[in-house]
$ cat data20.txt   # compact mmCIF, C-alpha atoms
# COMPACT_ATOMS: atom_id res chain seq x y z
CA MET A 1 86.67 101.78 77.83
CA ARG A 2 87.54 99.14 75.24
CA GLN A 3 87.28 95.40 75.68
CA ALA A 4 90.76 93.88 75.48
CA ALA A 5 91.30 90.97 73.12
CA ARG A 6 91.53 87.67 74.95
CA MET A 7 95.12 86.54 75.31
CA LYS A 8 96.68 83.38 76.68
CA LEU A 9 99.82 85.14 77.86
CA ASN A 10 98.73 85.14 81.53
CA ALA A 11 101.04 87.99 82.46
CA LYS A 12 100.14 87.77 86.14
CA GLU A 13 101.31 84.16 86.35
CA LEU A 14 104.55 85.01 84.57
CA TRP A 15 105.10 87.93 86.91
CA PHE A 16 104.57 85.76 90.00
CA GLU A 17 106.87 83.09 88.60
CA GLY A 18 109.54 85.76 88.21
CA MET A 19 109.33 86.49 91.94
CA ARG A 20 110.65 83.03 92.73
CA ASP A 21 114.34 82.37 93.13
CA TRP A 22 116.25 80.00 90.89
CA ASN A 23 115.29 77.09 93.15
CA GLY A 24 111.61 77.81 92.59
CA LYS A 25 111.03 79.31 96.04
CA LEU A 26 109.84 82.75 97.10
CA PRO A 27 112.69 84.51 98.94
CA GLU A 28 111.85 85.46 102.52
CA ARG A 29 112.17 89.14 101.69
CA MET A 30 109.27 88.80 99.26
CA THR A 31 106.85 87.59 101.93
CA ASP A 32 108.29 88.66 105.29
CA ASP A 33 107.81 92.36 106.04
CA ARG A 34 110.43 92.18 108.81
CA GLN A 35 113.03 91.00 106.31
CA GLU A 36 112.15 93.86 104.00
CA GLU A 37 112.44 96.39 106.82
CA ALA A 38 115.78 94.92 107.87
CA PHE A 39 117.08 95.28 104.30
CA TRP A 40 116.22 98.96 104.09
CA ARG A 41 117.40 99.71 107.61
CA GLY A 42 120.74 98.15 106.75
CA TYR A 43 120.89 100.01 103.46
CA VAL A 44 120.39 103.40 105.09
CA GLU A 45 122.93 102.57 107.79
CA ARG A 46 125.55 101.44 105.27
CA ARG A 47 125.09 104.54 103.15
CA GLY A 48 125.43 106.72 106.25
CA GLU A 49 122.49 107.30 108.58
CA GLY A 50 121.73 110.99 108.95
CA ARG A 51 123.57 111.81 105.74
CA THR A 52 122.35 112.55 102.24
CA ILE A 53 122.26 109.57 99.87
CA ALA A 54 122.97 111.13 96.49
CA PRO A 55 120.51 110.13 93.75
CA ASP A 56 122.03 107.65 91.32
CA GLU A 57 123.52 109.51 88.38
CA TYR A 58 122.51 106.77 85.96
CA ALA A 59 118.85 107.50 86.79
CA ARG A 60 119.10 111.15 85.67
CA PRO A 61 117.46 110.55 82.23
CA VAL A 62 114.49 108.91 83.96
CA ARG A 63 114.21 111.84 86.38
CA GLU A 64 114.21 114.26 83.47
CA ALA A 65 111.57 112.26 81.59
CA LEU A 66 109.39 112.12 84.69
CA LEU A 67 109.72 115.83 85.47
CA ALA A 68 108.65 116.68 81.92
CA LEU A 69 105.28 115.03 82.67
CA LEU A 70 104.60 116.92 85.92
CA LYS A 71 102.92 120.30 86.36
CA PRO A 72 103.56 122.86 89.13
CA GLU A 73 99.95 122.58 90.34
CA ASP A 74 100.00 118.75 90.57
CA GLU A 75 99.33 116.84 93.77
CA VAL A 76 101.47 113.73 93.31
CA LEU A 77 101.69 110.31 94.92
CA GLU A 78 104.89 108.23 94.74
CA ILE A 79 104.82 104.50 95.44
CA GLY A 80 107.92 102.90 96.93
CA PRO A 81 110.32 105.87 96.82
CA GLY A 82 113.35 104.02 98.20
CA TRP A 83 116.19 106.43 98.90
CA GLY A 84 114.70 109.14 96.72
CA ASN A 85 116.14 108.79 93.24
CA TYR A 86 113.09 110.68 91.95
CA THR A 87 111.43 111.91 95.12
CA PHE A 88 113.08 115.22 95.86
CA ALA A 89 113.27 116.31 92.24
CA ALA A 90 109.55 115.60 91.87
CA ALA A 91 108.67 117.34 95.16
CA SER A 92 110.53 120.44 94.03
CA ALA A 93 108.51 120.57 90.81
CA VAL A 94 104.94 120.11 92.08
CA LYS A 95 102.44 121.43 94.61
CA SER A 96 102.72 118.42 96.94
CA LEU A 97 104.19 114.93 97.04
CA THR A 98 102.94 112.04 99.17
CA CYS A 99 105.20 109.00 99.59
CA VAL A 100 103.79 105.55 100.37
CA ASP A 101 106.29 102.93 101.51
CA ARG A 102 106.32 99.79 103.64
CA SER A 103 109.64 100.68 105.29
CA CYS A 104 109.81 103.00 108.31
CA SER A 105 113.55 103.35 107.66
CA VAL A 106 112.88 104.67 104.16
CA LEU A 107 110.27 107.16 105.31
CA ASP A 108 112.41 108.37 108.21
CA TYR A 109 115.31 108.94 105.84
CA LEU A 110 113.14 110.79 103.32
CA ALA A 111 111.66 113.03 106.02
CA GLY A 112 115.12 113.85 107.35
CA GLU A 113 116.48 114.57 103.90
CA ALA A 114 113.48 116.74 103.02
CA GLY A 115 114.28 118.79 106.11
CA ARG A 116 117.94 119.11 105.11
CA GLN A 117 116.87 120.32 101.67
CA SER A 118 114.17 122.64 103.11
CA ILE A 119 111.43 120.83 101.17
CA ALA A 120 108.16 121.37 103.04
CA ASN A 121 105.51 119.96 100.69
CA MET A 122 105.99 116.24 101.38
CA ASP A 123 103.80 113.78 103.32
CA TYR A 124 104.60 110.20 104.29
CA ILE A 125 102.36 107.16 104.61
CA HIS A 126 103.66 103.94 106.17
CA ALA A 127 101.79 101.19 104.33
CA LYS A 128 102.10 98.41 101.79
CA TRP A 129 100.60 99.59 98.55
CA GLU A 130 98.41 96.51 98.36
CA GLU A 131 96.87 97.40 101.77
CA TYR A 132 96.95 101.19 101.55
CA GLU A 133 93.57 102.84 102.13
CA LEU A 134 93.18 104.84 98.95
CA GLN A 135 93.06 108.60 99.33
CA GLY A 136 92.76 111.36 96.80
CA PRO A 137 92.70 110.82 93.94
CA PHE A 138 96.00 112.51 93.15
CA ASP A 139 96.72 114.30 89.91
CA VAL A 140 99.66 112.02 89.16
CA VAL A 141 100.68 108.65 90.59
CA PHE A 142 104.13 107.32 89.80
CA GLY A 143 106.52 104.58 90.89
CA VAL A 144 109.83 103.30 89.55
CA ASN A 145 111.14 99.81 90.29
CA CYS A 146 108.71 99.50 93.19
CA PHE A 147 106.78 96.38 92.15
CA TYR A 148 109.13 93.57 93.17
CA ARG A 149 107.03 92.39 96.17
CA MET A 150 103.62 92.80 94.51
CA ALA A 151 102.38 89.27 93.82
CA ASP A 152 98.84 90.42 92.98
CA ILE A 153 100.19 92.78 90.37
CA ASP A 154 96.85 93.13 88.55
CA GLU A 155 95.10 94.36 91.69
CA ALA A 156 98.01 96.70 92.42
CA LEU A 157 97.69 98.21 88.96
CA ILE A 158 93.96 98.72 89.43
CA ARG A 159 94.63 100.53 92.70
CA ILE A 160 97.22 102.70 90.97
CA ASN A 161 94.79 103.53 88.18
CA ASP A 162 92.01 104.38 90.64
CA SER A 163 94.29 106.70 92.64
CA ALA A 164 95.10 109.04 89.75
CA ARG A 165 93.13 111.89 88.19
CA ARG A 166 95.34 112.96 85.30
CA LEU A 167 98.24 110.58 84.75
CA VAL A 168 99.96 107.39 85.87
CA VAL A 169 103.68 106.84 85.24
CA LEU A 170 105.36 103.51 86.03
CA GLY A 171 109.03 102.80 85.40
CA LEU A 172 111.07 99.62 85.28
CA THR A 173 114.73 99.23 84.40
CA VAL A 174 115.35 96.62 81.71
CA GLY A 175 118.31 95.12 79.93
CA THR A 176 120.23 94.90 83.18
CA GLU A 177 121.95 91.72 81.99
CA ARG A 178 125.58 92.46 81.29
CA PRO A 179 126.85 91.42 77.86
CA TYR A 180 129.62 89.20 79.21
CA HIS A 181 127.00 87.11 81.02
CA THR A 182 125.21 86.52 77.75
CA GLU A 183 128.50 85.50 76.13
CA ILE A 184 129.35 83.16 79.02
CA ARG A 185 125.97 81.48 78.62
CA GLU A 186 126.29 81.15 74.85
CA ARG A 187 129.93 80.05 74.70
CA LEU A 188 130.25 78.03 77.93
CA GLY A 189 126.66 76.84 78.35
CA CYS A 190 126.40 78.26 81.87
CA ARG A 191 123.11 79.00 83.57
CA ILE A 192 122.92 82.68 84.55
CA LYS A 193 120.69 84.58 86.99
CA PHE A 194 119.12 86.82 84.41
CA GLN A 195 116.32 89.24 85.24
CA ARG A 196 113.06 87.30 85.21
CA ARG A 197 110.46 90.07 85.29
CA ASP A 198 110.25 92.63 82.54
CA TYR A 199 108.27 95.69 81.56
CA ILE A 200 106.50 93.62 78.93
CA HIS A 201 104.71 91.76 81.73
CA LEU A 202 103.36 95.04 83.10
CA LEU A 203 102.44 96.25 79.63
CA ALA A 204 100.61 92.99 78.89
CA MET A 205 98.83 93.11 82.25
CA LEU A 206 97.64 96.65 81.54
CA TYR A 207 96.40 95.55 78.12
CA GLU A 208 94.49 92.67 79.70
CA LEU A 209 92.91 95.21 82.07
CA GLY A 210 91.78 97.31 79.11
CA ILE A 211 94.39 100.05 79.55
CA ASP A 212 96.34 101.26 76.53
CA ALA A 213 99.58 102.56 78.02
CA ASP A 214 102.21 104.54 76.19
CA CYS A 215 105.67 103.00 76.44
CA ARG A 216 108.84 105.07 76.17
CA MET A 217 112.30 103.53 76.36
CA VAL A 218 114.92 105.69 78.06
CA GLU A 219 118.61 105.04 77.42
CA LEU A 220 120.72 104.61 80.58
CA GLU A 221 124.41 104.20 81.30
CA ARG A 222 126.19 103.17 84.49
CA THR A 223 129.89 102.69 85.15
CA TYR A 224 131.07 100.12 87.69
CA GLU A 225 134.54 100.31 89.23
CA TYR A 226 136.45 97.56 91.01
CA ASP A 227 139.53 98.07 93.17
CA SER A 228 141.06 94.71 92.26
CA GLU A 229 140.69 91.86 89.81
CA GLU A 230 139.57 89.65 92.68
CA ALA A 231 136.67 92.00 93.44
CA LEU A 232 135.88 92.21 89.73
CA MET A 233 135.62 88.46 89.31
CA LYS A 234 133.71 87.93 92.54
CA SER A 235 131.04 90.35 91.40
CA SER A 236 131.01 89.38 87.72
CA LEU A 237 130.85 85.62 88.16
CA SER A 238 128.38 85.52 91.07
CA PRO A 239 125.31 85.32 88.75
CA ILE A 240 126.55 81.98 87.37
CA LEU A 241 124.32 79.23 88.77
CA ASP A 242 126.50 76.23 87.89
CA GLU A 243 128.75 74.88 90.63
CA THR A 244 131.33 73.72 88.12
CA TYR A 245 132.31 75.45 84.88
CA ASP A 246 135.40 76.59 83.00
CA ARG A 247 136.28 79.48 85.31
CA LYS A 248 139.39 80.50 83.38
CA ALA A 249 137.39 80.80 80.18
CA ALA A 250 134.70 82.79 81.99
CA GLU A 251 137.29 85.14 83.48
CA ALA A 252 138.82 85.66 80.05
CA ILE A 253 135.43 86.67 78.68
CA VAL A 254 134.87 89.15 81.53
CA ARG A 255 138.30 90.76 81.05
CA ARG A 256 137.51 91.64 77.44
CA TYR A 257 134.72 93.93 78.58
CA MET A 258 136.77 95.71 81.23
CA THR A 259 139.11 98.68 81.13
CA GLU A 260 142.10 98.56 83.47
CA GLN A 261 143.92 101.64 84.65
CA GLU A 262 146.29 101.96 87.62
CA GLY A 263 145.16 98.64 89.08
CA LYS A 264 141.45 99.44 88.91
CA PHE A 265 138.91 97.90 86.59
CA THR A 266 135.89 99.68 85.14
CA PHE A 267 132.93 98.55 83.08
CA THR A 268 130.35 100.83 81.49
CA HIS A 269 126.98 99.16 81.17
CA ARG A 270 124.34 100.48 78.80
CA PHE A 271 120.77 99.49 79.47
CA LYS A 272 117.28 101.05 79.46
CA ALA A 273 114.26 101.99 81.48
CA ALA A 274 110.72 101.53 80.28
CA LEU A 275 108.32 104.32 81.23
CA LEU A 276 104.67 103.27 80.96
CA SER A 277 102.13 106.07 81.20
CA TRP A 278 98.41 106.43 80.72
CA ARG A 279 95.41 108.55 81.52
CA PRO A 280 93.42 106.83 84.26
CA GLU A 281 90.49 104.70 83.20
CA ARG A 282 87.39 105.10 85.36
CA ARG A 283 85.83 101.74 84.59
CA ILE A 284 88.19 98.87 85.11
CA GLY A 285 87.87 95.25 86.06
CA LEU A 286 89.59 91.91 85.93

$ encode --input "data20.txt" --output "structure tokens"
Amino acid sequence: MRQAARMKLNAKELWFEGMRDWNGKLPERMTDDRQEEAFWRGYVERRGEGRTIAPDEYARPVREALLALLKPEDEVLEIGPGWGNYTFAAASAVKSLTCVDRSCSVLDYLAGEAGRQSIANMDYIHAKWEEYELQGPFDVVFGVNCFYRMADIDEALIRINDSARRLVVLGLTVGTERPYHTEIRERLGCRIKFQRRDYIHLLAMLYELGIDADCRMVELERTYEYDSEEALMKSSLSPILDETYDRKAAEAIVRRYMTEQEGKFTFTHRFKAALLSWRPERRIGL
């Protein structure tokens, strides 16, 4: 295993700073497991408890990229599966799939949905990844957008590396900032709640750990629809941090990016996902 060049980037510190809100505080959901459980319980209930939550269509290219890396004989571990954007497709393509998640609501939903789809090769572990007693190793370990509560991201990455035999795949959506927010910032000088953590932090952290990860960018597209202009503006202007600004000018900027038809407004957002993958290193340290 190579010795990484010394860098002063301090990716871990940047990652932790990105966990803070725009007032410099850690949101309760980041540190309170009960808040996290309440979020996911509410999510499942809103989407319809006991009913299938369809995988997000925008995530299809990531699913396809992930499936291309899996083999039928693989024993796979998924970290933080959420409502299963990748879970059931992966389970259907491999020998077995084990899901690790902090939320009982998530795991209960996944187990119920696996039963509805007659998928019998899944196991479920209720644990925070940072505290999970490592088993395996598994042939493949993967997780997509599952890192948002991991303050000790370097240690989490080491645990991920040590849990895999053949391959690790980590995904993170990027470029989620909508173009009209960038224009509002540049033209009106507004402060905007842009995404503060990025795949480059994970990539830099892996480099500092001596891991050379491949990085593939996957093109994504998602269309948002609003039933009224009021709903459009409420959603589109909510990331603005300033209490006072030229609202009419901001609304005019937003309208230019929207398509209106029969009283409804739509916006198609193009962004990306970064897929980081590597063969597990057997000697790793901070």

$ closest_residue --input "data20.txt" --among "A:Ala65, A:Gly143, A:Asp33, A:Met217" --to "Lys128 of chain A" --atoms "all atoms listed in the file"
A:Asp33

$ residues_around --input "data20.txt" --residues "Gly263 of chain A" --least-positions-apart "4" --cutoff "12 Å" --atoms "only C-alpha atoms" --output "list of chain:residue names"
A:Glu225, A:Tyr226, A:Asp227, A:Ser228, A:Glu229, A:Glu230, A:Ala231, A:Leu232, A:Met258, A:Thr259

$ write_last_selection --input "data20.txt" --atoms "C-alpha atoms" --output "PDB file, in the coordinates of the input"
ATOM      1  CA  GLU A 225     134.540 100.310  89.230  1.00  0.00           C
ATOM      2  CA  TYR A 226     136.450  97.560  91.010  1.00  0.00           C
ATOM      3  CA  ASP A 227     139.530  98.070  93.170  1.00  0.00           C
ATOM      4  CA  SER A 228     141.060  94.710  92.260  1.00  0.00           C
ATOM      5  CA  GLU A 229     140.690  91.860  89.810  1.00  0.00           C
ATOM      6  CA  GLU A 230     139.570  89.650  92.680  1.00  0.00           C
ATOM      7  CA  ALA A 231     136.670  92.000  93.440  1.00  0.00           C
ATOM      8  CA  LEU A 232     135.880  92.210  89.730  1.00  0.00           C
ATOM      9  CA  MET A 258     136.770  95.710  81.230  1.00  0.00           C
ATOM     10  CA  THR A 259     139.110  98.680  81.130  1.00  0.00           C
TER      11      THR A 259
END

$ atom_distance --input "data20.txt" --atom1 "atom CA of Ile158 of chain A" --atom2 "atom CA of Ala38 of chain A"
28.8 Å

$ atom_distance --input "data20.txt" --atom1 "atom CA of Glu260 of chain A" --atom2 "atom CA of Arg185 of chain A"
24.0 Å

$ residues_around --input "data20.txt" --residues "Asp21 of chain A" --least-positions-apart "5" --cutoff "12 Å" --atoms "only C-alpha atoms" --output "VMD selection string"
chain A and resid 16 26 to 30 193 to 197 241
